[in-house]
Amino acid sequence: MDNPLPDVAPGTRHDMQLFGTFHLGEFELALPIDTLQEVVGFPQAITRVPTAPDYVAGLFMLRGMMIPVLHLGRYLGLPVSIEQGESRVAVIESNGALLGIGFDRTGDMLRMAGTQIVPFQRDSDAPGLIEGAFHLDDRIVQMLSSEALVHLPGIPRTVSTHLARQARQQRAANRIRKAISFHVDSRHMALPMETIHEIVRLPSLEHSVLSDATCLGWLDLRGRPVPVVDLAAFLGLDSCVAAPPQASDFEDTRRVVVLRNDALYLGLLVDDIDSIVSYTDRQLLPMPAIRGQTGLFASCINRRDAAEADADDLTMIDTAALFADTHLAHLAKGHHDLYLVADDQTRRTEIRRQRVRETWLTFRLDRLMAVRIDEVSEVIESHDALVRPPGTPAHVSGVLNVGKALIAVIDLRSHYGMGPMQDAEQRKILVVRHEGHTYGLEVDSVESIVSIDPAEKITVPSLVATHMDAELRKDMHQVVESAEHGTVLLVDTVSLMRRLTGNDEPTAGTEDVPEDATPSMA
């Protein structure tokens with residue numbers, strides 16, 4: 001599906017990154033998902049800012065936060081291509097500052113390797129508005145810099161210590177989640193963002209021997225066959241496939257939402273992608289039991305009490321139920337077996353995947369590291385509200401109340417002899433438990449969840465170990481090389497926790513915890 005890409009400069013990240021794309025006139029622009037908070041309709045109630053440039057549309061309120069809105073098209077000198085009431089606002093966060101970016105419409109959600117991204121070099125240290133680009137089939141998508149956007153001249157800065165702390169406390173208390181909303185035969189539905197692999201525009205599909213009334217064919221997603229299911233037809237609704245032909249300049253809004261379950265893929269054809277929606281557990285309403293109702297709909301997002309009180313409620317689709325459906329499971333497995341191009345290297349990879357694998361959570365601490373996911377009970381935002389008792393060691397940031405229990409938060413940078421992080425607002429806390437003790441480990445950022453074959457682990461090379469801090473060497477005994485992530489240092493959490501608790505002696509009979517726990521990411 002992807003065309004060959006030019007080489008990129010040394011130092012480009014090799015891990016996978018998720019982007020949301022947007023259209024502005026003739027341009028397609030992208031923002032990293034981790035900076036993108038949500039997408040909303042252009043607010044009807046917006047307050048102009050006196051003496052502000054004309055590209056500052058004004059201020060609006062969203063969940064108690066005052067957010068400035070940038071007319072990006074006006075800033076770039078583009079003609080107005082769509083009525084303001086029909087446009088969308090993407091809310092981004094950079095270093096605690098919130099900003100809404102006005103776009104014509106939403107696009108795709110793409111998972112890109114760092115090697116596919118071409119960064120743009122700047123003569124000055126100031127970040128450029130367009131920081132890079134990547135090539136997709138017949139189009140080039142340009143990446144916006146969130147940092148540059150919030151620092152444009154005349155943009156009000158709404159960040160403050162009080163508001164940032166308030167937002168973090170709200171996220172911690174309500175566990176704000178994200179979903180992708182879309183339309184199917186005028187029905188407003190959604191899928192949790194964490195269950196979506198990618199969202200792509202509808203391509204020319206390959207013929208499939210498994211095609212039927214619901215399966216339209218399959219698409220090649222970087223060597224992986226993805227059967228495309230007409231979701232409307234599958235649900236017994238009016239399909240958008242047989243839509244009448246449009247003018248040559250008509251933008252096809254149909255998208256394929258790609259889901260993944262281990263090695264199996266499934267694509268859902270929907271009418272369009274509407275928004276990125278933030279919601280909390282309190283907004284999830286269970287679906288009532290109705291005779292004959294399909295089990296795909298487990299809950300509904302109630303938005304009547306949210307910031308967009310006039311927005312439609314969203315029917316949530318249960319991804320697990322999709323893959324559990326007999327027909328859809330047959331399509332996913334059948335296309336994998338029929339159309340997967342399996343050369344010798346791929347077959348060896350599949351054999352390795354069939355062995356027992358370990359799941360690790362990767363994070364940044366100057367370099368890429370990982371901890372076993374079953375050792376992490378939760379990932380939370382870094383907090384200002386830490387209590388630091390007198391006489392606390394330098395590597396202890398303080399004590400934090402998590403779930404009505406006090407935990408000691410460890411500054412891993414200080415513990416491992418690293419310099420302080422300049423942008424502490426982006427830090428995360430990994431909550432780990434060991435032998436009745438609970439600690440919070442402060443890290444620069446949380447990256448992703450990866451699966452590792454134990455046979456791929458190697459002992460830390462002596463050349464690398466000699467350049468490590470003495471404390472770091474005590475907890476870093478193995479590394480793994482990944483084609484997507486590069487070198488990943490594996491943290492021996494048991495060793496770290498024993499030293500934190502003052503019990504350096506191994507405990508007899510210690511066994512690994514089964515890998516059945518997935519941490520929640522607040």
# chains A, B, ... in the order shown; residues from 1 in each chain; ligands from 1
>>> residues_around(residues="region 486-492 of chain A", least_positions_apart="3", cutoff="9 Å", atoms="only C-alpha atoms", output="NGL selection string")
:A and (13-15 or 360 or 362 or 367-372 or 457 or 460 or 474-483 or 495-497)
>>> closest_residue(among="A:Cys240, A:Ala213, A:Ala470, A:Leu264", to="Gly334 (chain A)", atoms="only C-alpha atoms")
A:Leu264
>>> closest_residue(among="A:Ser451, A:Gln142, A:Thr106, A:Asn95", to="Arg157 (chain A)", atoms="only C-alpha atoms")
A:Asn95
>>> atom_distance(atom1="CA of His395 (chain A)", atom2="CA of Asp411 (chain A)")
5.2 Å
>>> closest_residue(among="A:Ile176, A:Met112, A:Val494, A:Ala329", to="Glu435 (chain A)", atoms="only C-alpha atoms")
A:Val494
>>> closest_residue(among="A:Ala97, A:Leu430, A:Ala232, A:Val69", to="Thr493 (chain A)", atoms="only C-alpha atoms")
A:Leu430
>>> closest_atom_pairs(of="region 59-115 of chain A", to="region 30-37 of chain A", cutoff="8 Å", atoms="only C-alpha atoms", output="Markdown table")
| residue | atom | partner | partner_atom | distance |
| --- | --- | --- | --- | --- |
| A:Ala90 | CA | A:Leu36 | CA | 7.0 |
| A:Val91 | CA | A:Gln37 | CA | 5.5 |
| A:Ile92 | CA | A:Leu36 | CA | 4.5 |
| A:Glu93 | CA | A:Thr35 | CA | 5.4 |
| A:Ser94 | CA | A:Thr35 | CA | 6.7 |
>>> write_last_selection(atoms="C-alpha atoms", output="tab-separated table (two decimals), in the first residue's frame")
chain	number	residue	atom	x	y	z
A	90	ALA	CA	-8.96	20.11	16.86
A	91	VAL	CA	-7.96	20.80	20.48
A	92	ILE	CA	-4.23	20.28	21.07
A	93	GLU	CA	-2.03	20.51	24.17
A	94	SER	CA	1.62	21.52	24.23
>>> select_by_dssp(residues="region 443-500 of chain A", states="helix (DSSP H, G or I)", output="VMD selection string")
chain A and resid 454 to 456 462 to 465 470 to 475 493 to 500
>>> residues_around(residues="Ala45 (chain A)", least_positions_apart="6", cutoff="9 Å", atoms="only C-alpha atoms", output="ChimeraX atom specification")
/A:59-61
>>> closest_residue(among="A:Met287, A:Leu62, A:Val229, A:Leu144", to="Gly132 (chain A)", atoms="only C-alpha atoms")
A:Leu144
